[in-house]
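File shown here: data_32.cif, holding mmCIF, C-alpha atoms.
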```
data_target
loop_
_atom_site.group_PDB
_atom_site.id
_atom_site.type_symbol
_atom_site.label_atom_id
_atom_site.label_comp_id
_atom_site.auth_asym_id
_atom_site.auth_seq_id
_atom_site.Cartn_x
_atom_site.Cartn_y
_atom_site.Cartn_z
ATOM 1 C CA MET J 23 5.886 -12.854 14.094
ATOM 2 C CA THR J 24 6.659 -12.010 10.480
ATOM 3 C CA LEU J 25 3.793 -10.685 8.341
ATOM 4 C CA ASP J 26 5.261 -11.305 4.897
ATOM 5 C CA LYS J 27 2.386 -12.435 2.643
ATOM 6 C CA LEU J 28 0.301 -9.774 0.891
ATOM 7 C CA ILE J 29 -3.436 -10.497 1.016
ATOM 8 C CA THR J 30 -6.500 -8.599 -0.215
ATOM 9 C CA PHE J 31 -9.856 -8.294 1.555
ATOM 10 C CA TYR J 32 -13.173 -8.181 -0.313
ATOM 11 C CA ARG J 33 -16.708 -7.582 0.923
ATOM 12 C CA LYS J 34 -19.633 -9.273 -0.784
ATOM 13 C CA GLN J 35 -22.497 -7.030 -1.776
ATOM 14 C CA GLN J 36 -25.663 -7.446 -3.796
ATOM 15 C CA GLU J 37 -26.676 -5.153 -6.620
ATOM 16 C CA ARG J 38 -30.033 -5.157 -8.330
ATOM 17 C CA GLN J 39 -29.795 -5.384 -12.109
ATOM 18 C CA ALA J 40 -32.151 -3.582 -14.516
ATOM 19 C CA SER J 41 -33.954 -6.906 -14.995
ATOM 20 C CA GLY J 42 -34.652 -7.050 -11.246
ATOM 21 C CA GLU J 43 -32.160 -9.867 -10.677
ATOM 22 C CA LEU J 44 -29.819 -9.645 -7.664
ATOM 23 C CA LEU J 45 -26.159 -10.019 -8.572
ATOM 24 C CA THR J 46 -23.550 -10.700 -5.891
ATOM 25 C CA THR J 47 -20.291 -8.827 -6.458
ATOM 26 C CA LYS J 48 -17.114 -8.309 -4.459
ATOM 27 C CA LYS J 49 -15.797 -4.900 -3.458
ATOM 28 C CA LYS J 50 -12.135 -4.504 -2.497
ATOM 29 C CA ILE J 51 -11.921 -3.134 1.049
ATOM 30 C CA GLY J 52 -8.193 -3.273 1.659
ATOM 31 C CA ARG J 53 -4.861 -5.038 1.573
ATOM 32 C CA ALA J 54 -2.614 -6.184 4.380
ATOM 33 C CA PHE J 55 0.491 -8.177 5.080
ATOM 34 C CA ALA J 56 -0.191 -11.440 6.905
ATOM 35 C CA ARG J 57 1.342 -14.563 8.301
ATOM 36 C CA VAL J 58 -0.354 -17.546 6.670
ATOM 37 C CA MET J 59 -0.510 -20.984 8.249
ATOM 38 C CA PRO J 60 -2.357 -24.008 6.864
ATOM 39 C CA VAL J 61 -4.284 -25.810 9.590
ATOM 40 C CA ARG J 62 -6.110 -28.725 8.016
ATOM 41 C CA GLY J 63 -7.159 -30.121 4.651
ATOM 42 C CA SER J 64 -9.816 -32.608 3.607
ATOM 43 C CA GLU J 65 -11.758 -33.947 0.670
ATOM 44 C CA ARG J 66 -15.469 -34.472 0.298
ATOM 45 C CA ASN J 67 -17.732 -35.938 -2.344
ATOM 46 C CA ALA J 68 -20.444 -33.712 -3.746
ATOM 47 C CA SER J 69 -22.416 -34.272 -6.937
ATOM 48 C CA ASP J 70 -20.219 -37.250 -7.876
ATOM 49 C CA GLN J 71 -17.080 -35.093 -7.686
ATOM 50 C CA THR J 72 -14.311 -34.984 -5.125
ATOM 51 C CA GLU J 73 -13.710 -31.485 -3.776
ATOM 52 C CA ALA J 74 -10.670 -30.461 -1.731
ATOM 53 C CA THR J 75 -11.076 -27.973 1.114
ATOM 54 C CA ALA J 76 -8.524 -26.520 3.507
ATOM 55 C CA ASN J 77 -8.542 -24.316 6.591
ATOM 56 C CA TYR J 78 -5.945 -21.590 7.114
ATOM 57 C CA ILE J 79 -5.187 -19.013 9.779
ATOM 58 C CA PHE J 80 -4.199 -15.550 8.552
ATOM 59 C CA TRP J 81 -2.604 -13.271 11.169
ATOM 60 C CA VAL J 82 -2.827 -9.568 10.299
ATOM 61 C CA ALA J 83 -2.153 -6.382 12.239
ATOM 62 C CA TYR J 84 -5.161 -5.652 14.449
ATOM 63 C CA ARG J 85 -8.056 -3.990 12.621
ATOM 64 C CA THR J 86 -11.764 -3.503 13.239
ATOM 65 C CA ASP J 87 -13.219 -3.229 9.724
ATOM 66 C CA LEU J 88 -13.600 -6.948 8.894
ATOM 67 C CA ILE J 89 -16.689 -9.153 9.221
ATOM 68 C CA GLU J 90 -17.064 -12.911 8.955
ATOM 69 C CA ASP J 91 -18.815 -12.612 5.593
ATOM 70 C CA ASP J 92 -15.693 -11.079 3.984
ATOM 71 C CA VAL J 93 -13.321 -12.869 1.628
ATOM 72 C CA ILE J 94 -9.524 -13.054 1.606
ATOM 73 C CA GLU J 95 -7.641 -13.422 -1.660
ATOM 74 C CA TRP J 96 -4.094 -14.762 -1.482
ATOM 75 C CA GLN J 97 -2.047 -15.943 -4.475
ATOM 76 C CA GLY J 98 -5.136 -15.815 -6.696
ATOM 77 C CA VAL J 99 -7.177 -18.114 -4.417
ATOM 78 C CA GLU J 100 -10.233 -17.019 -2.440
ATOM 79 C CA TYR J 101 -10.720 -17.910 1.219
ATOM 80 C CA ASN J 102 -14.012 -17.512 3.060
ATOM 81 C CA ILE J 103 -13.492 -15.942 6.501
ATOM 82 C CA ARG J 104 -15.132 -18.261 9.033
ATOM 83 C CA PHE J 105 -14.003 -16.813 12.369
ATOM 84 C CA ILE J 106 -12.420 -13.560 13.561
ATOM 85 C CA GLU J 107 -10.625 -14.114 16.868
ATOM 86 C CA ASP J 108 -10.948 -10.578 18.216
ATOM 87 C CA SER J 109 -9.239 -10.215 21.603
ATOM 88 C CA GLY J 110 -9.792 -6.459 21.804
ATOM 89 C CA GLN J 111 -7.899 -3.293 20.951
ATOM 90 C CA GLY J 112 -4.919 -4.160 23.149
ATOM 91 C CA SER J 113 -4.060 -6.950 20.718
ATOM 92 C CA ILE J 114 -1.299 -6.487 18.185
ATOM 93 C CA TYR J 115 -2.472 -9.231 15.805
ATOM 94 C CA LEU J 116 -5.871 -10.375 14.588
ATOM 95 C CA PRO J 117 -6.115 -14.102 13.721
ATOM 96 C CA LEU J 118 -8.582 -14.897 10.934
ATOM 97 C CA THR J 119 -9.675 -18.494 10.317
ATOM 98 C CA ALA J 120 -10.593 -18.948 6.664
ATOM 99 C CA GLU J 121 -11.498 -21.822 4.349
ATOM 100 C CA ARG J 122 -10.723 -22.403 0.683
ATOM 101 C CA GLY J 123 -12.536 -24.734 -1.667
ATOM 102 C CA VAL J 124 -16.013 -23.712 -0.517
ATOM 103 C CA ALA J 125 -18.683 -21.475 -1.989
ATOM 104 C CA ILE J 126 -17.872 -17.804 -1.596
#
```

Show the structure stored in the file as structure tokens.
Amino acid sequence: MTLDKLITFYRKQQERQASGELLTTKKKIGRAFARVMPVRGSERNASDQTEATANYIFWVAYRTDLIEDDVIEWQGVEYNIRFIEDSGQGSIYLPLTAERGVAI
């Protein structure tokens, strides 16, 4: 398997502003090379607008520092990690199912 696409991982975190408001920000937690495969795309209507969504699988070298609330950025587009298929430390690759076109 060729891991030839450079992706960046971000973790969402909340910071309290001086006004007391909570602001959600993203913190870069790493970069990795991945194999990227589109799985499925669809459209939905929300608030009288058509929105396109798509599911992708990103294969990366096995790692243990990711959670399903993290975000992948690839080619300037953000993907919400939906599922981490962790088969244990004996695995070489870690498949990540992620979705674009949804709220991050």

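Applied to the shown file, the PyMOL selection byres ((chain J and resi 51-54) around 9) selects the residues J:Leu25, J:Lys27, J:Leu28, J:Ile29, J:Thr30, J:Phe31, J:Tyr32, J:Arg33, J:Lys49, J:Lys50, J:Phe55, J:Ala56, J:Val82, J:Ala83, J:Asp87, J:Leu88.
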
### Message
What's the separation between atom CA of J:Gly110 and atom CA of J:Trp96, in Å to one decimal place?
### Response
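Rounded to one decimal, the two atoms are 25.4 Å apart.
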
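Nearest to J:Asp108 of all the residues J:Asn77, J:Thr86, J:Gln36, J:Ser41 is J:Thr86, based on only C-alpha atoms.
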
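Here atom CA of J:Ala74 is placed at a distance of 24.8 Å from atom CA of J:Glu107.
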
### Query
J:Glu37: which residues within 9 Å, counting all atoms listed in the file, same-chain residues fewer than 3 positions away excluded, as a ChimeraX atom specification?
/J:43-47

### Task
List the residues selected by the PyMOL selection byres ((chain J and resi 114-121) around 10) in the file shown, writing them as a PyMOL selection string.
chain J and resi 23+25+56-63+75-86+88+90+92-94+100-113+122-126

Can you write just those residues out, C-alpha atoms, as a PDB file, keeping the file's coordinate frame?
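Result went into again.pdb, see below:
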```
ATOM      1  CA  MET J  23       5.886 -12.854  14.094  1.00  0.00           C
ATOM      2  CA  LEU J  25       3.793 -10.685   8.341  1.00  0.00           C
ATOM      3  CA  ALA J  56      -0.191 -11.440   6.905  1.00  0.00           C
ATOM      4  CA  ARG J  57       1.342 -14.563   8.301  1.00  0.00           C
ATOM      5  CA  VAL J  58      -0.354 -17.546   6.670  1.00  0.00           C
ATOM      6  CA  MET J  59      -0.510 -20.984   8.249  1.00  0.00           C
ATOM      7  CA  PRO J  60      -2.357 -24.008   6.864  1.00  0.00           C
ATOM      8  CA  VAL J  61      -4.284 -25.810   9.590  1.00  0.00           C
ATOM      9  CA  ARG J  62      -6.110 -28.725   8.016  1.00  0.00           C
ATOM     10  CA  GLY J  63      -7.159 -30.121   4.651  1.00  0.00           C
ATOM     11  CA  THR J  75     -11.076 -27.973   1.114  1.00  0.00           C
ATOM     12  CA  ALA J  76      -8.524 -26.520   3.507  1.00  0.00           C
ATOM     13  CA  ASN J  77      -8.542 -24.316   6.591  1.00  0.00           C
ATOM     14  CA  TYR J  78      -5.945 -21.590   7.114  1.00  0.00           C
ATOM     15  CA  ILE J  79      -5.187 -19.013   9.779  1.00  0.00           C
ATOM     16  CA  PHE J  80      -4.199 -15.550   8.552  1.00  0.00           C
ATOM     17  CA  TRP J  81      -2.604 -13.271  11.169  1.00  0.00           C
ATOM     18  CA  VAL J  82      -2.827  -9.568  10.299  1.00  0.00           C
ATOM     19  CA  ALA J  83      -2.153  -6.382  12.239  1.00  0.00           C
ATOM     20  CA  TYR J  84      -5.161  -5.652  14.449  1.00  0.00           C
ATOM     21  CA  ARG J  85      -8.056  -3.990  12.621  1.00  0.00           C
ATOM     22  CA  THR J  86     -11.764  -3.503  13.239  1.00  0.00           C
ATOM     23  CA  LEU J  88     -13.600  -6.948   8.894  1.00  0.00           C
ATOM     24  CA  GLU J  90     -17.064 -12.911   8.955  1.00  0.00           C
ATOM     25  CA  ASP J  92     -15.693 -11.079   3.984  1.00  0.00           C
ATOM     26  CA  VAL J  93     -13.321 -12.869   1.628  1.00  0.00           C
ATOM     27  CA  ILE J  94      -9.524 -13.054   1.606  1.00  0.00           C
ATOM     28  CA  GLU J 100     -10.233 -17.019  -2.440  1.00  0.00           C
ATOM     29  CA  TYR J 101     -10.720 -17.910   1.219  1.00  0.00           C
ATOM     30  CA  ASN J 102     -14.012 -17.512   3.060  1.00  0.00           C
ATOM     31  CA  ILE J 103     -13.492 -15.942   6.501  1.00  0.00           C
ATOM     32  CA  ARG J 104     -15.132 -18.261   9.033  1.00  0.00           C
ATOM     33  CA  PHE J 105     -14.003 -16.813  12.369  1.00  0.00           C
ATOM     34  CA  ILE J 106     -12.420 -13.560  13.561  1.00  0.00           C
ATOM     35  CA  GLU J 107     -10.625 -14.114  16.868  1.00  0.00           C
ATOM     36  CA  ASP J 108     -10.948 -10.578  18.216  1.00  0.00           C
ATOM     37  CA  SER J 109      -9.239 -10.215  21.603  1.00  0.00           C
ATOM     38  CA  GLY J 110      -9.792  -6.459  21.804  1.00  0.00           C
ATOM     39  CA  GLN J 111      -7.899  -3.293  20.951  1.00  0.00           C
ATOM     40  CA  GLY J 112      -4.919  -4.160  23.149  1.00  0.00           C
ATOM     41  CA  SER J 113      -4.060  -6.950  20.718  1.00  0.00           C
ATOM     42  CA  ARG J 122     -10.723 -22.403   0.683  1.00  0.00           C
ATOM     43  CA  GLY J 123     -12.536 -24.734  -1.667  1.00  0.00           C
ATOM     44  CA  VAL J 124     -16.013 -23.712  -0.517  1.00  0.00           C
ATOM     45  CA  ALA J 125     -18.683 -21.475  -1.989  1.00  0.00           C
ATOM     46  CA  ILE J 126     -17.872 -17.804  -1.596  1.00  0.00           C
TER      47      ILE J 126
END
```
